[in-house]
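Student: Pasting entry.json here (JSON, C-alpha atoms):
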[["chain", "number", "residue", "atom", "x", "y", "z"],
["A", 7, "MET", "CA", 14.12, 11.66, -9.36],
["A", 8, "ALA", "CA", 17.01, 11.48, -11.77],
["A", 9, "ALA", "CA", 20.02, 12.33, -9.67],
["A", 10, "SER", "CA", 23.29, 14.08, -10.47],
["A", 11, "TYR", "CA", 26.33, 13.88, -8.29],
["A", 12, "ILE", "CA", 28.51, 16.88, -7.48],
["A", 13, "SER", "CA", 32.10, 16.60, -6.34],
["A", 14, "CYS", "CA", 33.66, 19.67, -4.75],
["A", 15, "PRO", "CA", 37.47, 19.80, -4.80],
["A", 16, "VAL", "CA", 38.32, 22.70, -2.49],
["A", 17, "GLN", "CA", 40.58, 25.43, -3.78],
["A", 18, "SER", "CA", 41.62, 28.75, -2.33],
["A", 19, "PRO", "CA", 40.34, 31.39, -2.70],
["A", 20, "SER", "CA", 37.75, 29.57, -4.85],
["A", 21, "PHE", "CA", 36.88, 26.03, -5.83],
["A", 22, "SER", "CA", 35.18, 24.33, -8.74],
["A", 23, "LEU", "CA", 32.11, 22.12, -8.99],
["A", 24, "GLN", "CA", 31.94, 19.18, -11.36],
["A", 25, "LEU", "CA", 28.46, 17.94, -12.29],
["A", 26, "THR", "CA", 28.36, 14.34, -13.42],
["A", 27, "SER", "CA", 25.25, 12.56, -14.69],
["A", 28, "LYS", "CA", 24.34, 9.38, -12.83],
["A", 29, "PHE", "CA", 23.60, 7.59, -16.10],
["A", 30, "CYS", "CA", 26.37, 9.15, -18.18],
["A", 31, "PRO", "CA", 29.47, 9.73, -16.03],
["A", 32, "SER", "CA", 31.49, 11.05, -18.98],
["A", 33, "ARG", "CA", 29.34, 14.16, -19.28],
["A", 34, "PHE", "CA", 30.12, 16.99, -16.92],
["A", 35, "SER", "CA", 30.52, 20.69, -16.66],
["A", 36, "SER", "CA", 32.59, 22.82, -14.31],
["A", 37, "VAL", "CA", 31.94, 26.21, -12.83],
["A", 38, "ALA", "CA", 34.19, 28.39, -10.67],
["A", 39, "VAL", "CA", 32.68, 29.47, -7.38],
["A", 40, "PRO", "CA", 33.83, 32.37, -5.15],
["A", 41, "ASN", "CA", 35.21, 31.87, -1.65],
["A", 42, "CYS", "CA", 32.08, 30.43, -0.11],
["A", 43, "ARG", "CA", 30.67, 27.03, 0.72],
["A", 44, "PHE", "CA", 27.55, 25.40, -0.65],
["A", 45, "VAL", "CA", 25.46, 22.77, 1.05],
["A", 46, "PHE", "CA", 22.87, 21.44, -1.38],
["A", 47, "THR", "CA", 19.54, 19.90, -0.52],
["A", 48, "THR", "CA", 16.69, 19.10, -2.89],
["A", 49, "ALA", "CA", 15.29, 22.60, -2.88],
["A", 50, "THR", "CA", 17.60, 24.71, -0.73],
["A", 51, "ILE", "CA", 21.08, 26.19, -1.07],
["A", 52, "ARG", "CA", 22.80, 27.48, 2.03],
["A", 53, "TYR", "CA", 26.02, 29.44, 2.12],
["A", 54, "ARG", "CA", 28.73, 28.74, 4.65],
["A", 55, "SER", "CA", 32.23, 29.94, 5.12],
["A", 56, "ALA", "CA", 34.86, 27.96, 3.19],
["A", 57, "LEU", "CA", 37.28, 28.09, 6.09],
["A", 58, "ARG", "CA", 35.47, 25.34, 7.98],
["A", 59, "TYR", "CA", 35.68, 22.93, 5.06],
["A", 60, "ARG", "CA", 39.24, 23.18, 3.80],
["A", 61, "ARG", "CA", 40.18, 19.97, 5.59],
["A", 62, "ARG", "CA", 37.71, 17.72, 3.77],
["A", 63, "ARG", "CA", 36.28, 17.11, 0.31],
["A", 64, "PRO", "CA", 32.61, 16.24, 0.61],
["A", 65, "SER", "CA", 30.23, 15.23, -2.18],
["A", 66, "PHE", "CA", 26.55, 15.97, -2.42],
["A", 67, "THR", "CA", 23.56, 14.80, -4.41],
["A", 68, "VAL", "CA", 21.29, 17.20, -6.24],
["A", 69, "ALA", "CA", 17.98, 15.62, -7.21],
["A", 70, "ALA", "CA", 15.45, 16.83, -9.76],
["A", 71, "LEU", "CA", 13.06, 14.98, -12.05],
["A", 72, "ASN", "CA", 13.96, 15.88, -15.61],
["A", 73, "LYS", "CA", 11.39, 16.56, -18.27],
["A", 74, "LEU", "CA", 10.66, 13.60, -20.51],
["A", 75, "SER", "CA", 12.20, 15.38, -23.49],
["A", 76, "ASP", "CA", 15.41, 16.11, -21.54],
["A", 77, "THR", "CA", 15.92, 12.57, -20.26],
["A", 78, "GLU", "CA", 18.51, 10.33, -21.90],
["A", 79, "LEU", "CA", 17.21, 7.47, -24.06],
["A", 80, "ILE", "CA", 18.79, 4.11, -23.17],
["A", 81, "THR", "CA", 18.71, 1.05, -25.42],
["A", 82, "VAL", "CA", 17.24, -1.76, -23.34],
["A", 83, "SER", "CA", 19.81, -4.39, -24.33],
["A", 84, "ASP", "CA", 22.59, -1.94, -23.45],
["A", 85, "GLY", "CA", 20.81, -0.95, -20.25],
["A", 86, "GLU", "CA", 21.01, -4.36, -18.59],
["A", 87, "GLY", "CA", 22.84, -3.89, -15.33],
["A", 88, "VAL", "CA", 22.77, -0.11, -15.83],
["A", 89, "LEU", "CA", 19.16, 0.74, -15.04],
["A", 90, "PRO", "CA", 18.57, 1.53, -11.37],
["A", 91, "SER", "CA", 16.44, -0.66, -9.15],
["A", 92, "ASP", "CA", 14.94, 2.44, -7.49],
["A", 93, "SER", "CA", 11.33, 3.56, -7.57],
["A", 94, "GLY", "CA", 10.43, 5.94, -10.35],
["A", 95, "VAL", "CA", 8.79, 6.71, -13.67],
["A", 96, "TYR", "CA", 9.76, 5.20, -17.02],
["A", 97, "ALA", "CA", 8.86, 5.59, -20.68],
["A", 98, "VAL", "CA", 9.17, 2.74, -23.19],
["A", 99, "TYR", "CA", 9.87, 3.29, -26.90],
["A", 100, "ASP", "CA", 9.75, 0.91, -29.86],
["A", 101, "SER", "CA", 12.47, 0.52, -32.50],
["A", 102, "THR", "CA", 11.04, 3.41, -34.57],
["A", 103, "GLY", "CA", 11.27, 5.78, -31.61],
["A", 104, "ASP", "CA", 7.53, 5.94, -30.91],
["A", 105, "LEU", "CA", 6.53, 6.16, -27.26],
["A", 106, "GLN", "CA", 4.50, 3.08, -26.33],
["A", 107, "PHE", "CA", 3.96, 3.35, -22.59],
["A", 108, "VAL", "CA", 4.62, 5.52, -19.54],
["A", 109, "GLY", "CA", 4.56, 3.76, -16.18],
["A", 110, "ILE", "CA", 5.59, 3.96, -12.54],
["A", 111, "THR", "CA", 7.19, 1.23, -10.50],
["A", 112, "ARG", "CA", 8.93, 0.33, -7.26],
["A", 113, "ASN", "CA", 11.77, -1.23, -9.25],
["A", 114, "LEU", "CA", 12.71, 0.36, -12.58],
["A", 115, "ALA", "CA", 15.14, -2.35, -13.69],
["A", 116, "ALA", "CA", 12.72, -5.19, -12.91],
["A", 117, "SER", "CA", 9.76, -3.56, -14.68],
["A", 118, "VAL", "CA", 11.73, -2.80, -17.83],
["A", 119, "ALA", "CA", 13.12, -6.36, -17.87],
["A", 120, "ALA", "CA", 9.59, -7.76, -17.54],
["A", 121, "HIS", "CA", 8.37, -5.62, -20.46],
["A", 122, "LYS", "CA", 11.34, -6.70, -22.57],
["A", 123, "LYS", "CA", 10.33, -10.33, -22.07],
["A", 124, "SER", "CA", 6.58, -9.87, -22.53],
["A", 125, "VAL", "CA", 6.60, -7.38, -25.45],
["A", 126, "PRO", "CA", 10.13, -7.48, -26.94],
["A", 127, "ASP", "CA", 9.05, -5.86, -30.23],
["A", 128, "LEU", "CA", 7.66, -2.82, -28.41],
["A", 129, "CYS", "CA", 10.38, -2.44, -25.79],
["A", 130, "PHE", "CA", 13.49, -1.25, -27.64],
["A", 131, "SER", "CA", 14.63, 1.70, -25.52],
["A", 132, "VAL", "CA", 13.61, 3.49, -22.33],
["A", 133, "LYS", "CA", 13.86, 6.72, -20.39],
["A", 134, "VAL", "CA", 13.87, 6.45, -16.61],
["A", 135, "GLY", "CA", 13.56, 8.95, -13.79],
["A", 136, "VAL", "CA", 14.22, 8.05, -10.16],
["A", 137, "VAL", "CA", 11.76, 9.58, -7.69],
["A", 138, "ASP", "CA", 13.07, 10.57, -4.27],
["A", 139, "ASN", "CA", 10.78, 9.86, -1.30],
["A", 140, "PRO", "CA", 8.63, 7.67, -3.55],
["A", 141, "ASP", "CA", 5.26, 7.67, -1.85],
["A", 142, "LYS", "CA", 2.17, 7.05, -3.97],
["A", 143, "THR", "CA", 1.53, 10.76, -4.50],
["A", 144, "SER", "CA", 5.09, 11.53, -5.66],
["A", 145, "LEU", "CA", 5.11, 8.62, -8.10],
["A", 146, "THR", "CA", 1.71, 9.55, -9.49],
["A", 147, "GLU", "CA", 2.73, 13.18, -10.00],
["A", 148, "ALA", "CA", 5.92, 12.12, -11.80],
["A", 149, "TRP", "CA", 3.90, 9.85, -14.07],
["A", 150, "LYS", "CA", 1.36, 12.59, -14.80],
["A", 151, "SER", "CA", 4.08, 15.10, -15.68],
["A", 152, "TRP", "CA", 5.73, 12.83, -18.27],
["A", 153, "LEU", "CA", 2.45, 11.66, -19.74],
["A", 154, "GLN", "CA", 1.06, 15.21, -19.96],
["A", 155, "GLU", "CA", 4.26, 16.46, -21.60],
["A", 156, "HIS", "CA", 3.97, 13.81, -24.30],
["A", 157, "ILE", "CA", 0.27, 14.51, -24.90],
["A", 158, "GLU", "CA", 0.89, 18.25, -25.19],
["A", 159, "ALA", "CA", 3.74, 17.65, -27.65],
["A", 160, "THR", "CA", 2.00, 15.08, -29.87],
["A", 161, "GLY", "CA", -1.71, 15.30, -29.12],
["A", 162, "LYS", "CA", -1.72, 11.53, -28.54],
["A", 163, "VAL", "CA", -1.95, 9.20, -25.57],
["A", 164, "PRO", "CA", 0.66, 6.40, -25.74],
["A", 165, "PRO", "CA", -0.98, 3.11, -26.85],
["A", 166, "GLY", "CA", -0.11, 1.40, -23.58],
["A", 167, "ASN", "CA", -1.82, 4.13, -21.55],
["A", 168, "GLN", "CA", -5.08, 4.10, -23.48],
["A", 169, "PRO", "CA", -8.24, 2.76, -21.79],
["A", 170, "GLY", "CA", -8.68, -0.99, -22.08],
["A", 171, "ASN", "CA", -4.97, -1.67, -22.49],
["A", 172, "SER", "CA", -4.06, -5.15, -21.28],
["A", 173, "ILE", "CA", -0.63, -5.56, -22.89],
["A", 174, "TRP", "CA", 1.41, -3.30, -20.64],
["A", 175, "VAL", "CA", -0.63, -3.38, -17.44],
["A", 176, "LYS", "CA", -1.75, -6.78, -16.26],
["A", 177, "LYS", "CA", -5.13, -6.90, -14.64],
["A", 178, "THR", "CA", -5.00, -7.98, -11.03],
["A", 179, "PRO", "CA", -7.08, -11.12, -10.63],
["A", 180, "LYS", "CA", -9.90, -11.20, -8.15],
["A", 181, "LYS", "CA", -8.62, -12.10, -4.74],
["A", 182, "LYS", "CA", -9.46, -15.67, -3.88],
["A", 183, "SER", "CA", -10.06, -17.09, -0.45],
["A", 184, "ASP", "CA", -7.24, -18.90, 1.32],
["A", 185, "LEU", "CA", -7.46, -22.67, 1.16],
["A", 186, "ARG", "CA", -8.20, -24.81, 4.19],
["A", 187, "LEU", "CA", -6.68, -28.27, 4.10],
["A", 188, "THR", "CA", -8.98, -29.77, 6.73],
["A", 189, "PRO", "CA", -12.62, -29.30, 7.80],
["A", 190, "GLY", "CA", -11.48, -28.52, 11.34],
["A", 191, "ARG", "CA", -8.93, -29.35, 13.99],
["A", 192, "HIS", "CA", -11.05, -31.95, 15.75],
["A", 193, "VAL", "CA", -12.27, -33.72, 12.63],
["A", 194, "GLU", "CA", -10.55, -37.00, 11.78],
["A", 195, "LEU", "CA", -8.69, -36.81, 8.45],
["A", 196, "ASN", "CA", -9.18, -39.33, 5.67],
["A", 197, "LEU", "CA", -5.64, -38.59, 4.38],
["A", 198, "PRO", "CA", -2.48, -37.72, 6.31],
["A", 199, "MET", "CA", -1.44, -34.03, 6.18],
["A", 200, "GLU", "CA", 1.58, -34.84, 4.00],
["A", 201, "GLU", "CA", -0.66, -36.42, 1.36],
["A", 202, "LEU", "CA", -2.98, -33.41, 1.45],
["A", 203, "ILE", "CA", 0.01, -31.13, 0.80],
["A", 204, "ASP", "CA", 1.27, -33.33, -2.03],
["A", 205, "LYS", "CA", -2.15, -33.44, -3.67],
["A", 206, "LEU", "CA", -2.54, -29.65, -3.44],
["A", 207, "VAL", "CA", 0.84, -28.66, -4.89],
["A", 208, "LYS", "CA", 0.59, -31.18, -7.74],
["A", 209, "GLU", "CA", -2.94, -30.21, -8.75],
["A", 210, "SER", "CA", -2.35, -26.44, -8.58],
["A", 211, "LYS", "CA", -0.20, -24.29, -10.86],
["A", 212, "VAL", "CA", 1.09, -21.99, -8.10],
["A", 213, "VAL", "CA", 0.72, -22.41, -4.35],
["A", 214, "ALA", "CA", 2.01, -19.97, -1.74],
["A", 215, "PHE", "CA", 2.22, -21.20, 1.85],
["A", 216, "ILE", "CA", 2.29, -17.95, 3.83],
["A", 217, "LYS", "CA", 1.94, -16.62, 7.34],
["A", 218, "GLY", "CA", -1.49, -15.07, 7.55],
["A", 219, "SER", "CA", -3.98, -14.62, 4.73],
["A", 220, "ARG", "CA", -3.39, -13.09, 1.30],
["A", 221, "ASN", "CA", -5.58, -10.17, 2.40],
["A", 222, "ALA", "CA", -3.68, -9.71, 5.64],
["A", 223, "PRO", "CA", -0.20, -11.31, 5.65],
["A", 224, "LEU", "CA", 1.30, -11.54, 9.14],
["A", 225, "CYS", "CA", 4.96, -11.09, 8.23],
["A", 226, "GLY", "CA", 6.90, -8.86, 5.85],
["A", 227, "PHE", "CA", 8.21, -11.78, 3.79],
["A", 228, "SER", "CA", 4.72, -13.15, 3.17],
["A", 229, "GLN", "CA", 3.50, -9.67, 2.33],
["A", 230, "ARG", "CA", 6.29, -9.29, -0.23],
["A", 231, "VAL", "CA", 5.46, -12.64, -1.87],
["A", 232, "VAL", "CA", 1.77, -11.76, -2.15],
["A", 233, "ALA", "CA", 2.66, -8.34, -3.61],
["A", 234, "ILE", "CA", 4.91, -9.87, -6.30],
["A", 235, "LEU", "CA", 2.41, -12.53, -7.35],
["A", 236, "GLU", "CA", -0.46, -10.07, -7.55],
["A", 237, "ASN", "CA", 1.63, -7.37, -9.24],
["A", 238, "GLN", "CA", 2.46, -9.91, -11.95],
["A", 239, "GLY", "CA", -1.20, -10.90, -12.31],
["A", 240, "ILE", "CA", -0.46, -14.51, -11.35],
["A", 241, "GLU", "CA", -3.30, -16.84, -10.37],
["A", 242, "TYR", "CA", -2.26, -18.70, -7.25],
["A", 243, "GLU", "CA", -3.58, -20.58, -4.26],
["A", 244, "SER", "CA", -2.65, -19.41, -0.77],
["A", 245, "VAL", "CA", -2.57, -21.38, 2.47],
["A", 246, "ASP", "CA", -2.15, -19.88, 5.93],
["A", 247, "VAL", "CA", 0.39, -21.97, 7.84],
["A", 248, "LEU", "CA", -0.57, -20.22, 11.08],
["A", 249, "ASP", "CA", -4.22, -21.33, 10.91],
["A", 250, "GLU", "CA", -4.28, -23.91, 13.70],
["A", 251, "GLU", "CA", -8.00, -24.52, 13.34],
["A", 252, "TYR", "CA", -8.21, -25.61, 9.70],
["A", 253, "ASN", "CA", -4.54, -26.29, 8.91],
["A", 254, "TYR", "CA", -3.51, -27.92, 12.14],
["A", 255, "GLY", "CA", -0.08, -29.58, 11.85],
["A", 256, "LEU", "CA", 0.61, -28.05, 8.44],
["A", 257, "ARG", "CA", 3.52, -25.89, 9.51],
["A", 258, "GLU", "CA", 5.76, -28.69, 10.80],
["A", 259, "THR", "CA", 4.63, -31.24, 8.22],
["A", 260, "LEU", "CA", 5.40, -28.85, 5.35],
["A", 261, "LYS", "CA", 8.94, -28.26, 6.63],
["A", 262, "THR", "CA", 9.55, -32.01, 6.38],
["A", 263, "TYR", "CA", 7.77, -32.38, 3.03],
["A", 264, "SER", "CA", 9.72, -29.58, 1.32],
["A", 265, "ASN", "CA", 12.93, -29.88, 3.32],
["A", 266, "TRP", "CA", 12.72, -26.09, 3.67],
["A", 267, "PRO", "CA", 12.70, -24.68, 7.21],
["A", 268, "THR", "CA", 11.20, -21.22, 6.74],
["A", 269, "PHE", "CA", 8.09, -19.51, 5.39],
["A", 270, "PRO", "CA", 6.73, -18.44, 3.02],
["A", 271, "GLN", "CA", 7.19, -21.30, 0.56],
["A", 272, "ILE", "CA", 6.18, -21.10, -3.10],
["A", 273, "PHE", "CA", 5.47, -24.15, -5.24],
["A", 274, "VAL", "CA", 5.07, -24.11, -9.03],
["A", 275, "ASN", "CA", 3.86, -27.18, -10.90],
["A", 276, "GLY", "CA", 4.45, -29.33, -7.85],
["A", 277, "GLU", "CA", 8.05, -28.19, -7.33],
["A", 278, "LEU", "CA", 9.37, -25.97, -4.55],
["A", 279, "VAL", "CA", 10.74, -22.71, -5.94],
["A", 280, "GLY", "CA", 11.85, -21.29, -2.60],
["A", 281, "GLY", "CA", 10.97, -18.45, -0.31],
["A", 282, "CYS", "CA", 10.73, -14.68, -0.39],
["A", 283, "ASP", "CA", 14.39, -13.99, -1.22],
["A", 284, "ILE", "CA", 14.40, -16.29, -4.25],
["A", 285, "LEU", "CA", 11.08, -14.98, -5.60],
["A", 286, "THR", "CA", 12.22, -11.38, -5.09],
["A", 287, "SER", "CA", 15.46, -12.05, -6.95],
["A", 288, "MET", "CA", 13.57, -13.62, -9.85],
["A", 289, "HIS", "CA", 11.18, -10.66, -9.93],
["A", 290, "GLU", "CA", 14.06, -8.16, -10.05],
["A", 291, "LYS", "CA", 15.66, -10.08, -12.92],
["A", 292, "GLY", "CA", 12.39, -10.32, -14.86],
["A", 293, "GLN", "CA", 12.32, -14.12, -14.58],
["A", 294, "ILE", "CA", 8.83, -14.60, -13.15],
["A", 295, "SER", "CA", 7.24, -15.12, -16.59],
["A", 296, "ASP", "CA", 9.83, -17.81, -17.42],
["A", 297, "LEU", "CA", 8.97, -19.61, -14.21],
["A", 298, "LEU", "CA", 5.33, -19.96, -15.21],
["A", 299, "LYS", "CA", 5.86, -21.23, -18.77]]
Can I see the file as structure tokens?

Tutor:
Amino acid sequence: MAASYISCPVQSPSFSLQLTSKFCPSRFSSVAVPNCRFVFTTATIRYRSALRYRRRRPSFTVAALNKLSDTELITVSDGEGVLPSDSGVYAVYDSTGDLQFVGITRNLAASVAAHKKSVPDLCFSVKVGVVDNPDKTSLTEAWKSWLQEHIEATGKVPPGNQPGNSIWVKKTPKKKSDLRLTPGRHVELNLPMEELIDKLVKESKVVAFIKGSRNAPLCGFSQRVVAILENQGIEYESVDVLDEEYNYGLRETLKTYSNWPTFPQIFVNGELVGGCDILTSMHEKGQISDLLK
């Protein structure tokens, strides 16, 4: 939810509250409050005696998802470094001010940056709303509220939200099976493991060496890599480095081949890109599409 921050300088017998927008710190309003104390939560206000709080000056966060029409419009080029990386809902507008797409995401800044690169002519400005406790239900409800508000106001569904759209929402490719580099642990290999690795990474566009399978990663870092690749609609090959039956010796051989000690490892066009941290950073900066050019 879009958050506002409240600072409470204590006065006697009353004090004032200053409300400052998270995205526009210069805008605020003040209101005098009688000799009582407020403790704000998302939906509850409790009153406490001011006497207990004269020694400190706390600050609180009040959270509420604004209506689409009440949310500030931010020019995308000006919003670089300003947009939050929180989960939430966002609306993208073109240069004429027409709403093109309403979406939800786990990283607002990264999603907007990705749209700016993929459809620059349609991504001129945005409105964003951070969702607190962003489970799937909360995010979906936030998305529905903004989309429904726009439909009720204009009678139109944004182009990017119409059925069959493939510009704004990339279709997730069918999940492929994980590759096996050998026919079995006890079968003699025609090529050394290092040559099998070299052949695979040079003949494939993207290869992810992960712990576990793409359907069931066995570590959080591998799970994150799989999520990023599939969220971006990227075709890739996956290899389970923990499969000692069909990939026996792969784990140690790959460390030597790549000179990279940890997993997962992602290769693009035969070159090592790095692990989870590097791929996550590129995703947050909207650089994944550049990587695959």

Student: Which residue gives the smallest distance to Val175 of chain A among A:Asn113, A:Gln238, A:Ser144, A:Ser219, with all atoms listed in the file counted?

Tutor: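 Among the listed residues, the smallest separation from Val175 of chain A belongs to A:Gln238.
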
Student: Which one of A:Ile80, A:Ala148, A:Ile240, A:Val137 sits closest to Lys211 of chain A if you count all atoms listed in the file?

Tutor: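 Checking each of A:Ile80, A:Ala148, A:Ile240, A:Val137 against Lys211 of chain A, counting all atoms listed in the file, the winner is A:Ile240.
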
Student: Which residue is closest to Leu256 of chain A? Choose from A:Gly226, A:Phe273, A:Leu298, A:Glu200 and count all atoms listed in the file.

Tutor: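 When distances to Leu256 of chain A are compared using all atoms listed in the file, the smallest one comes from A:Glu200.
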
Student: Out of A:Leu278, A:Val231, A:Val132, A:Met199, which residue has the shortest atom-to-atom distance to Arg186 of chain A when counting all atoms listed in the file?

Tutor: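 Smallest separation from Arg186 of chain A among the options: A:Met199.
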
Student: Name the closest residue to Val98 of chain A among the candidates A:Arg112, A:Lys182, A:Lys133, A:Lys217; distances are taken between atoms, counting only C-alpha atoms.

Tutor: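 For Val98 of chain A, the nearest of the candidates is A:Lys133.
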